[in-house]
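**Student:** My structure is in upload-v6.txt, and what it holds is compact mmCIF, C-alpha atoms:
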# COMPACT_ATOMS: atom_id res chain seq x y z
CA MET N 1 1.12 -56.77 -160.68
CA GLN N 2 0.62 -53.59 -162.66
CA GLN N 3 0.50 -50.29 -160.93
CA THR N 4 -2.80 -48.49 -161.41
CA THR N 5 -3.99 -44.96 -160.86
CA VAL N 6 -6.86 -43.86 -158.68
CA PRO N 7 -9.83 -42.54 -160.64
CA LEU N 8 -11.09 -39.59 -158.64
CA VAL N 9 -14.84 -39.25 -158.72
CA ALA N 10 -17.41 -36.71 -157.65
CA ASP N 11 -18.99 -38.88 -154.93
CA SER N 12 -16.66 -38.15 -152.03
CA HIS N 13 -18.79 -39.38 -149.13
CA GLY N 14 -16.54 -40.71 -146.40
CA LEU N 15 -13.51 -38.75 -147.63
CA ILE N 16 -12.17 -36.69 -144.72
CA CYS N 17 -9.66 -34.67 -146.71
CA ALA N 18 -7.73 -34.75 -149.97
CA PHE N 19 -4.61 -32.91 -151.10
CA GLY N 20 -2.69 -32.67 -154.31
CA LEU N 21 0.98 -32.78 -153.36
CA ARG N 22 2.81 -31.35 -156.37
CA PRO N 23 1.91 -28.53 -156.26
CA LEU N 24 0.25 -28.51 -152.86
CA VAL N 25 -3.44 -27.84 -153.27
CA ARG N 26 -6.29 -28.40 -150.89
CA LEU N 27 -9.02 -30.35 -152.65
CA GLU N 28 -12.62 -29.69 -151.86
CA LEU N 29 -14.82 -32.73 -151.60
CA ASP N 30 -16.73 -31.90 -154.75
CA ALA N 31 -13.60 -31.07 -156.79
CA LEU N 32 -11.88 -34.45 -156.84
CA LYS N 33 -13.16 -35.22 -160.31
CA ASP N 34 -11.09 -32.33 -161.70
CA ILE N 35 -7.72 -33.63 -160.44
CA GLU N 36 -5.34 -35.30 -162.85
CA PRO N 37 -5.01 -39.00 -161.92
CA GLU N 38 -1.23 -38.83 -162.48
CA SER N 39 -0.75 -36.12 -159.86
CA PRO N 40 0.53 -37.30 -156.47
CA VAL N 41 -2.31 -37.13 -153.96
CA TRP N 42 -3.23 -37.95 -150.41
CA LEU N 43 -6.71 -39.30 -149.77
CA HIS N 44 -7.85 -39.77 -146.18
CA PHE N 45 -11.02 -41.79 -145.56
CA ASN N 46 -13.32 -42.41 -142.64
CA LEU N 47 -14.16 -46.12 -142.67
CA ALA N 48 -16.97 -45.53 -140.18
CA ASP N 49 -18.85 -44.25 -143.27
CA ARG N 50 -19.95 -47.22 -145.32
CA ARG N 51 -19.79 -45.16 -148.52
CA ALA N 52 -16.03 -44.79 -148.05
CA ARG N 53 -15.67 -48.58 -147.90
CA ASP N 54 -17.87 -48.95 -150.97
CA TRP N 55 -15.82 -46.41 -152.94
CA LEU N 56 -12.55 -48.07 -152.03
CA SER N 57 -13.89 -51.51 -152.92
CA GLU N 58 -15.66 -50.62 -156.13
CA GLN N 59 -13.98 -47.58 -157.67
CA SER N 60 -10.46 -47.11 -156.33
CA GLN N 61 -8.94 -49.89 -158.47
CA LEU N 62 -6.39 -50.51 -155.72
CA PRO N 63 -4.67 -53.91 -155.71
CA GLU N 64 -6.57 -56.66 -153.93
CA ALA N 65 -3.93 -57.03 -151.21
CA VAL N 66 -4.12 -53.29 -150.51
CA LEU N 67 -7.91 -53.30 -150.30
CA GLU N 68 -7.85 -56.25 -147.94
CA ALA N 69 -5.39 -54.45 -145.65
CA LEU N 70 -7.25 -51.12 -145.78
CA LEU N 71 -10.67 -52.60 -145.04
CA GLU N 72 -9.63 -55.16 -142.45
CA GLU N 73 -11.09 -54.59 -138.99
CA GLY N 74 -9.07 -54.99 -135.80
CA SER N 75 -5.80 -55.64 -137.60
CA HIS N 76 -2.60 -55.89 -135.58
CA VAL N 77 0.32 -53.51 -136.12
CA HIS N 78 2.38 -54.59 -139.12
CA VAL N 79 3.92 -53.47 -142.42
CA GLN N 80 3.33 -55.31 -145.66
CA ILE N 81 5.83 -54.72 -148.47
CA LEU N 82 4.29 -54.85 -151.95
CA GLN N 83 5.70 -54.65 -155.46
CA HIS N 84 5.00 -50.95 -155.97
CA GLY N 85 4.70 -49.71 -152.41
CA PHE N 86 3.79 -50.77 -148.91
CA VAL N 87 0.88 -50.93 -146.49
CA ALA N 88 1.40 -49.95 -142.84
CA THR N 89 -1.09 -50.58 -140.04
CA LEU N 90 -0.08 -48.54 -136.98
CA ARG N 91 -1.42 -47.33 -133.65
CA ASP N 92 -2.15 -43.72 -132.75
CA LEU N 93 -3.83 -41.82 -129.94
CA ASP N 94 -7.50 -41.01 -130.32
CA HIS N 95 -8.15 -37.33 -130.92
CA ASP N 96 -9.86 -35.99 -127.79
CA ALA N 97 -10.50 -32.27 -127.84
CA ASN N 98 -11.63 -32.35 -124.20
CA GLY N 99 -8.37 -33.79 -122.91
CA GLY N 100 -9.97 -36.90 -121.45
CA GLU N 101 -8.56 -40.35 -120.86
CA VAL N 102 -5.84 -41.50 -123.25
CA ARG N 103 -7.20 -44.01 -125.76
CA PHE N 104 -5.68 -45.63 -128.81
CA GLY N 105 -6.88 -46.24 -132.33
CA THR N 106 -5.62 -48.01 -135.44
CA PHE N 107 -5.04 -46.60 -138.90
CA THR N 108 -3.82 -48.09 -142.16
CA VAL N 109 -1.84 -46.32 -144.89
CA TYR N 110 -1.02 -47.40 -148.42
CA VAL N 111 1.89 -45.60 -150.10
CA ASP N 112 3.23 -45.85 -153.63
CA ALA N 113 4.92 -43.43 -156.03
CA GLN N 114 1.76 -41.44 -156.82
CA ARG N 115 -0.57 -41.70 -153.86
CA MET N 116 -1.00 -42.11 -150.16
CA VAL N 117 -4.36 -43.55 -149.14
CA SER N 118 -5.08 -43.62 -145.41
CA VAL N 119 -8.10 -44.92 -143.51
CA ARG N 120 -9.25 -44.82 -139.90
CA ARG N 121 -12.47 -45.49 -138.02
CA HIS N 122 -12.11 -42.96 -135.20
CA PRO N 123 -10.60 -39.45 -135.10
CA LEU N 124 -6.86 -39.72 -134.44
CA GLU N 125 -4.47 -37.12 -133.04
CA THR N 126 -1.67 -37.47 -135.59
CA PHE N 127 -3.86 -37.21 -138.69
CA ASP N 128 -5.59 -34.17 -137.28
CA ARG N 129 -2.19 -32.54 -136.82
CA LEU N 130 -0.95 -33.56 -140.28
CA ARG N 131 -4.08 -32.23 -141.93
CA ARG N 132 -3.79 -28.88 -140.16
CA GLU N 133 -0.14 -28.56 -141.19
CA LEU N 134 -1.03 -29.13 -144.83
CA TYR N 135 -3.84 -26.62 -144.53
CA MET N 136 -1.20 -24.14 -143.30
CA GLY N 137 0.90 -24.72 -146.42
CA LEU N 138 3.45 -27.39 -145.50
CA GLU N 139 4.72 -28.75 -148.83
CA LEU N 140 5.62 -32.43 -149.09
CA PRO N 141 6.10 -33.17 -152.78
CA SER N 142 5.67 -36.96 -152.77
CA PRO N 143 3.62 -39.62 -150.96
CA VAL N 144 6.83 -41.09 -149.49
CA ALA N 145 7.81 -37.68 -148.08
CA LEU N 146 4.29 -37.27 -146.73
CA PHE N 147 4.44 -40.66 -145.04
CA GLU N 148 7.83 -39.82 -143.53
CA HIS N 149 6.36 -36.67 -142.03
CA LEU N 150 3.40 -38.71 -140.80
CA VAL N 151 5.83 -40.96 -138.91
CA GLU N 152 7.51 -37.89 -137.38
CA CYS N 153 4.12 -36.50 -136.34
CA LEU N 154 3.20 -39.86 -134.84
CA ALA N 155 6.40 -39.85 -132.78
CA ASP N 156 5.64 -36.25 -131.71
CA THR N 157 2.16 -37.34 -130.57
CA PHE N 158 3.65 -40.04 -128.37
CA GLU N 159 6.35 -37.66 -127.08
CA SER N 160 3.83 -34.98 -126.13
CA THR N 161 1.73 -37.55 -124.27
CA VAL N 162 4.81 -38.81 -122.41
CA ALA N 163 5.74 -35.21 -121.55
CA ARG N 164 2.25 -34.60 -120.16
CA LEU N 165 2.45 -37.73 -118.03
CA ALA N 166 5.94 -36.70 -116.88
CA SER N 167 4.49 -33.36 -115.75
CA THR N 168 1.82 -35.26 -113.81
CA VAL N 169 4.53 -37.33 -112.09
CA GLU N 170 6.47 -34.14 -111.22
CA ASP N 171 3.36 -32.58 -109.66
CA ALA N 172 2.79 -35.78 -107.70
CA GLU N 173 6.41 -35.69 -106.54
CA ASP N 174 5.98 -32.15 -105.21
CA SER N 175 2.82 -33.15 -103.36
CA ILE N 176 4.47 -36.24 -101.87
CA LEU N 177 7.48 -34.26 -100.64
CA ALA N 178 5.05 -31.76 -99.14
CA GLY N 179 3.43 -34.58 -97.17
CA HIS N 180 0.25 -35.02 -99.23
CA GLN N 181 1.00 -38.52 -100.48
CA LYS N 182 -2.41 -40.00 -99.75
CA GLU N 183 -4.00 -38.18 -102.70
CA GLN N 184 -1.32 -39.24 -105.21
CA GLY N 185 -1.36 -43.03 -105.05
CA THR N 186 -4.34 -43.53 -107.36
CA GLU N 187 -3.08 -40.96 -109.86
CA LEU N 188 0.35 -42.57 -110.05
CA ARG N 189 -1.18 -46.00 -110.62
CA GLN N 190 -3.17 -44.56 -113.50
CA VAL N 191 -0.06 -42.91 -114.94
CA ARG N 192 1.93 -46.17 -114.79
CA TRP N 193 -0.90 -48.01 -116.52
CA LEU N 194 -0.95 -45.44 -119.34
CA LEU N 195 2.83 -45.52 -119.64
CA ALA N 196 2.76 -49.30 -119.97
CA ARG N 197 0.21 -49.03 -122.79
CA LEU N 198 2.21 -46.29 -124.51
CA ARG N 199 5.35 -48.41 -124.30
CA ARG N 200 3.62 -51.37 -125.93
CA GLU N 201 2.16 -49.28 -128.74
CA ALA N 202 5.38 -47.35 -129.40
CA ARG N 203 7.42 -50.55 -129.46
CA ALA N 204 4.97 -52.18 -131.89
CA ASN N 205 5.05 -49.14 -134.19
CA ARG N 206 8.83 -49.01 -134.20
CA THR N 207 9.19 -52.72 -134.87
CA ALA N 208 6.80 -52.54 -137.81
CA LEU N 209 8.23 -49.33 -139.29
CA ALA N 210 11.82 -50.61 -139.12
CA ARG N 211 11.17 -52.62 -142.30
CA ILE N 212 10.27 -49.63 -144.45
CA PRO N 213 13.57 -47.69 -144.97
CA SER N 214 15.33 -50.66 -146.56
CA HIS N 215 12.37 -51.38 -148.85
CA LEU N 216 11.82 -47.90 -150.27
CA PRO N 217 11.96 -47.73 -154.08
CA ALA N 218 15.41 -47.05 -155.48
CA ALA N 219 14.03 -43.89 -157.11
CA CYS N 220 13.65 -42.37 -153.64
CA GLY N 221 17.43 -42.26 -153.23
CA SER N 222 19.66 -42.97 -150.26
CA ASP N 223 18.93 -39.59 -148.66
CA ARG N 224 15.25 -40.45 -148.38
CA GLN N 225 16.10 -43.85 -146.93
CA GLN N 226 18.32 -42.22 -144.30
CA SER N 227 15.72 -39.60 -143.40
CA MET N 228 13.04 -42.28 -143.17
CA ALA N 229 15.29 -44.34 -140.88
CA ALA N 230 15.87 -41.25 -138.72
CA ALA N 231 12.11 -40.68 -138.49
CA VAL N 232 11.58 -44.28 -137.39
CA ASP N 233 14.38 -43.96 -134.81
CA ARG N 234 12.41 -41.19 -133.13
CA PHE N 235 10.46 -43.99 -131.48
CA ALA N 236 13.67 -45.14 -129.78
CA GLY N 237 13.81 -41.77 -128.03
CA VAL N 238 10.14 -42.15 -127.11
CA ALA N 239 10.91 -45.53 -125.54
CA GLN N 240 13.76 -44.05 -123.49
CA ASP N 241 11.57 -41.20 -122.24
CA LEU N 242 8.87 -43.70 -121.33
CA GLU N 243 11.30 -45.75 -119.28
CA LEU N 244 12.54 -42.66 -117.41
CA VAL N 245 9.03 -41.52 -116.54
CA GLU N 246 8.05 -45.06 -115.54
CA ASP N 247 11.06 -45.25 -113.21
CA ARG N 248 10.14 -41.94 -111.59
CA ALA N 249 6.52 -43.00 -111.16
CA ARG N 250 7.63 -46.29 -109.60
CA LEU N 251 10.00 -44.46 -107.23
CA MET N 252 7.19 -42.12 -106.20
CA GLN N 253 4.93 -45.08 -105.48
CA GLU N 254 7.69 -46.64 -103.40
CA GLU N 255 8.09 -43.32 -101.56
CA ILE N 256 4.36 -43.27 -100.84
CA ALA N 257 4.49 -46.88 -99.62
CA GLY N 258 7.48 -46.08 -97.39
CA ARG N 259 5.86 -43.00 -95.87
CA LEU N 260 2.58 -44.82 -95.25
CA SER N 261 4.47 -47.72 -93.69
CA GLU N 262 6.38 -45.30 -91.46
CA ALA N 263 3.16 -43.59 -90.38
CA THR N 264 1.53 -46.96 -89.70
CA ASN N 265 4.49 -48.08 -87.59
CA LYS N 266 4.34 -44.87 -85.55
CA ASN N 267 0.62 -45.31 -84.93
CA LEU N 268 1.11 -48.93 -83.92
CA TYR N 269 3.93 -47.94 -81.57
CA LEU N 270 1.80 -45.27 -79.91
CA LEU N 271 -1.05 -47.74 -79.63
CA SER N 272 1.23 -50.30 -77.99
CA ILE N 273 2.46 -47.70 -75.46
CA VAL N 274 -1.09 -46.68 -74.57
CA THR N 275 -2.14 -50.33 -74.28
CA THR N 276 0.84 -51.12 -72.03
CA ALA N 277 0.23 -48.06 -69.85
CA LEU N 278 -3.43 -49.00 -69.38
CA PHE N 279 -2.66 -52.61 -68.50
CA PRO N 280 -1.95 -51.95 -64.77
CA ILE N 281 -5.16 -49.92 -64.50
CA THR N 282 -7.14 -52.74 -66.07
CA LEU N 283 -5.50 -55.32 -63.83
CA ILE N 284 -6.03 -53.39 -60.57
CA THR N 285 -9.63 -52.39 -61.35
CA GLY N 286 -10.31 -55.98 -62.28
CA ILE N 287 -8.98 -57.20 -58.94
CA PHE N 288 -11.00 -54.70 -56.90
CA GLY N 289 -14.07 -55.53 -58.93
CA MET N 290 -14.05 -59.23 -58.00
CA ASN N 291 -16.61 -58.73 -55.20
CA VAL N 292 -15.16 -61.47 -52.99
CA GLY N 293 -14.39 -61.43 -49.32
CA GLY N 294 -11.04 -60.28 -48.06
CA LEU N 295 -10.56 -57.35 -50.43
CA PRO N 296 -8.72 -54.54 -48.62
CA TRP N 297 -10.24 -51.19 -47.74
CA MET N 298 -13.83 -52.24 -48.47
CA GLU N 299 -14.99 -50.53 -45.28
CA ASP N 300 -12.25 -47.91 -45.19
CA PRO N 301 -13.51 -44.44 -46.27
CA ARG N 302 -10.08 -43.80 -47.77
CA GLY N 303 -10.11 -47.05 -49.79
CA PHE N 304 -10.74 -45.28 -53.11
CA THR N 305 -7.78 -43.00 -52.49
CA HIS N 306 -5.54 -45.95 -51.73
CA ALA N 307 -6.64 -47.71 -54.93
CA MET N 308 -5.96 -44.62 -57.04
CA VAL N 309 -2.51 -44.22 -55.51
CA ILE N 310 -1.70 -47.82 -56.36
CA ILE N 311 -2.94 -47.31 -59.93
CA GLY N 312 -0.84 -44.12 -60.28
CA VAL N 313 2.28 -45.81 -58.98
CA ALA N 314 1.75 -48.78 -61.30
CA VAL N 315 1.31 -46.53 -64.33
CA ALA N 316 4.39 -44.49 -63.38
CA ILE N 317 6.49 -47.65 -63.02
CA THR N 318 5.20 -48.93 -66.39
CA LEU N 319 5.99 -45.65 -68.20
CA THR N 320 9.45 -45.57 -66.58
CA LEU N 321 10.19 -49.08 -67.83
CA ILE N 322 8.96 -48.17 -71.33
CA GLY N 323 11.13 -45.06 -71.35
CA ARG N 324 14.24 -46.99 -70.32
CA THR N 325 13.51 -49.60 -73.01
CA ARG N 326 13.31 -46.88 -75.70
CA MET N 327 16.66 -45.39 -74.67
CA ARG N 328 18.51 -48.68 -75.02
Take the structure I supplied and represent it as structure tokens, if you would.
**Tutor:**
Amino acid sequence: MQQTTVPLVADSHGLICAFGLRPLVRLELDALKDIEPESPVWLHFNLADRRARDWLSEQSQLPEAVLEALLEEGSHVHVQILQHGFVATLRDLDHDANGGEVRFGTFTVYVDAQRMVSVRRHPLETFDRLRRELYMGLELPSPVALFEHLVECLADTFESTVARLASTVEDAEDSILAGHQKEQGTELRQVRWLLARLRREARANRTALARIPSHLPAACGSDRQQSMAAAVDRFAGVAQDLELVEDRARLMQEEIAGRLSEATNKNLYLLSIVTTALFPITLITGIFGMNVGGLPWMEDPRGFTHAMVIIGVAVAITLTLIGRTRMR
């Protein structure tokens, strides 16, 4: 398989951004035709635009295996090592400017010695960050260096999300210790669900990326291989942080369950005491309400007083027995 160059054309529909890497230059959408094909570049496409798919298929002259990987829908996380580079399909967090529910999206990147071509169908957090950093002047002289920084940014995205969820768990912990646990149960369940999803996606990314450092071109040098391996290992730290936050969230849920169980037991105990104390009253009133002959004090004007005295004595005896039982 011969390595080819990307012919840059004027029709840039579907191209989100483009950068020349050496030297770093921001490319306007209508200026791609003026860039030397031999210059290392990053092209970032929006596959939701059909014209981007058409340009990649018809004019990019990318290898068939690369095109198939870039244009595939719903692909699982994996890395494919090719003769002159590699293709990585990874998971990222959707870019949500309003700070809504955490969602995930997939992107695919092709990297060789002269280019990095990335595609996505929905706005993603990591690519938005990477693009802004390049706009601010961050210089990454080669596609491999750019991809390494992309991996670091991806790990940072996961870390920041874990940190935000950890802050949510800490706030829930404060509320629980203050006695407001009823409002925190639903929130903690949501946090644990998000943490479980983050753990799966981070583990999949790390497993796929682990293949890349040992398959970098020899021209990249051992230093680049080591730095790439260090970037990939960032996901190990993400996994550890995830486990710690998950453990804390689980402990908080157990604390909520324990406190609710304790409150329920207290209520049931009080209910049992009240029920036991009312039993003599119910029994005595039931007897005097039988309306049969022979009931005492039916004609006695002090009969009601006698009945109330009996009820009071019975309740006092019952409460005394309950109190002695509690002290044992």
**Student:** To one decimal place, how far is CA of Leu124 in chain N from CA of Leu216 in chain N in Å?
**Tutor:** 25.8 Å
**Student:** Just how far from CA of Ser261 in chain N is CA of Ile176 in chain N, in Å to one decimal?
**Tutor:** 14.1 Å
**Student:** Nearest residue to Gln253 in chain N out of N:Val117, N:Leu150, N:Val191, N:Ala69, using only C-alpha atoms?
**Tutor:** N:Val191
**Student:** Which neighbours of Leu146 in chain N fall inside 12 Å, counting only C-alpha atoms, when residues of the same chain fewer than 3 positions from it are skipped, and could you give them as a count of residues only?
**Tutor:** 38
**Student:** One number please: CA of Leu268 in chain N to CA of Met308 in chain N, in Å, one decimal.
**Tutor:**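 Between CA of Leu268 in chain N and CA of Met308 in chain N the gap is 28.1 Å.
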**Student:** Where does range 102-196 of chain N meet range 71-81 of chain N within 9 Å, residue by residue, with the nearest atom pair and distance in Å to one decimal for each, counting only C-alpha atoms, listed by chain and rising number, as a tab-separated table?
**Tutor:**
residue	atom	partner	partner_atom	distance
N:Thr106	CA	N:Gly74	CA	7.8
N:Thr108	CA	N:Leu71	CA	8.7
N:Val119	CA	N:Leu71	CA	8.2
**Student:** Let's have the selection written as a PDB file, keeping the file's coordinate frame, with C-alpha atoms.
**Tutor:**
ATOM      1  CA  THR N 106      -5.620 -48.010-135.440  1.00  0.00           C
ATOM      2  CA  THR N 108      -3.820 -48.090-142.160  1.00  0.00           C
ATOM      3  CA  VAL N 119      -8.100 -44.920-143.510  1.00  0.00           C
TER       4      VAL N 119
END
**Student:** Hey, what's within 6 Å of range 90-95 of chain N if we count all atoms listed in the file and toss same-chain stuff fewer than 2 positions away? As a list in words, please?
**Tutor:**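 The contact residues come out as Val77, Arg103, Phe104, Gly105, Thr106, Phe107, Pro123, Leu124, Glu125 and Asn205 of chain N.
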**Student:** Using only C-alpha atoms, please write the residues we just selected to a file, as a PDB file, keeping the file's coordinate frame.
**Tutor:**
ATOM      1  CA  VAL N  77       0.320 -53.510-136.120  1.00  0.00           C
ATOM      2  CA  ARG N 103      -7.200 -44.010-125.760  1.00  0.00           C
ATOM      3  CA  PHE N 104      -5.680 -45.630-128.810  1.00  0.00           C
ATOM      4  CA  GLY N 105      -6.880 -46.240-132.330  1.00  0.00           C
ATOM      5  CA  THR N 106      -5.620 -48.010-135.440  1.00  0.00           C
ATOM      6  CA  PHE N 107      -5.040 -46.600-138.900  1.00  0.00           C
ATOM      7  CA  PRO N 123     -10.600 -39.450-135.100  1.00  0.00           C
ATOM      8  CA  LEU N 124      -6.860 -39.720-134.440  1.00  0.00           C
ATOM      9  CA  GLU N 125      -4.470 -37.120-133.040  1.00  0.00           C
ATOM     10  CA  ASN N 205       5.050 -49.140-134.190  1.00  0.00           C
TER      11      ASN N 205
END
**Student:** Check the smallest atom-to-atom distance from each of N:Thr168, N:Thr318, N:Thr282, N:Ser214 to Arg192 in chain N using only C-alpha atoms, then report the winner.
**Tutor:**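 Under the stated criterion, the closest residue is N:Thr168.
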**Student:** Measuring between all atoms listed in the file, which one of N:Val313, N:Leu15, N:Leu198, N:Leu56 shows the shortest distance to Thr157 in chain N?
**Tutor:**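 Ranking N:Val313, N:Leu15, N:Leu198, N:Leu56 by distance to Thr157 in chain N, first place goes to N:Leu198.
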**Student:** Show me as a short mmCIF file (atom, residue, chain, number, x, y, z; two decimals) with C-alpha atoms, in the frame of the given file the residues that reach within 10 Å of (5.5, -55.0, -152.8), counting all atoms listed in the file and using the file's own coordinates.
**Tutor:**
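Done, and the output landed in selection-v2.cif:
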data_model
loop_
_atom_site.label_atom_id
_atom_site.label_comp_id
_atom_site.auth_asym_id
_atom_site.auth_seq_id
_atom_site.Cartn_x
_atom_site.Cartn_y
_atom_site.Cartn_z
CA MET N 1 1.12 -56.77 -160.68
CA ALA N 65 -3.93 -57.03 -151.21
CA GLN N 80 3.33 -55.31 -145.66
CA ILE N 81 5.83 -54.72 -148.47
CA LEU N 82 4.29 -54.85 -151.95
CA GLN N 83 5.70 -54.65 -155.46
CA HIS N 84 5.00 -50.95 -155.97
CA GLY N 85 4.70 -49.71 -152.41
CA PHE N 86 3.79 -50.77 -148.91
CA VAL N 87 0.88 -50.93 -146.49
CA ASP N 112 3.23 -45.85 -153.63
CA HIS N 215 12.37 -51.38 -148.85
CA LEU N 216 11.82 -47.90 -150.27
CA PRO N 217 11.96 -47.73 -154.08
#
**Student:** Which residues are close to Leu195 in chain N, i.e. within 9 Å by only C-alpha atoms, leaving aside same-chain residues fewer than 5 positions away? Reply as a list in words.
**Tutor:**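 Those residues are Val162, Leu165, Gln190, Arg200, Leu242, Glu243, Val245 and Glu246 of chain N.
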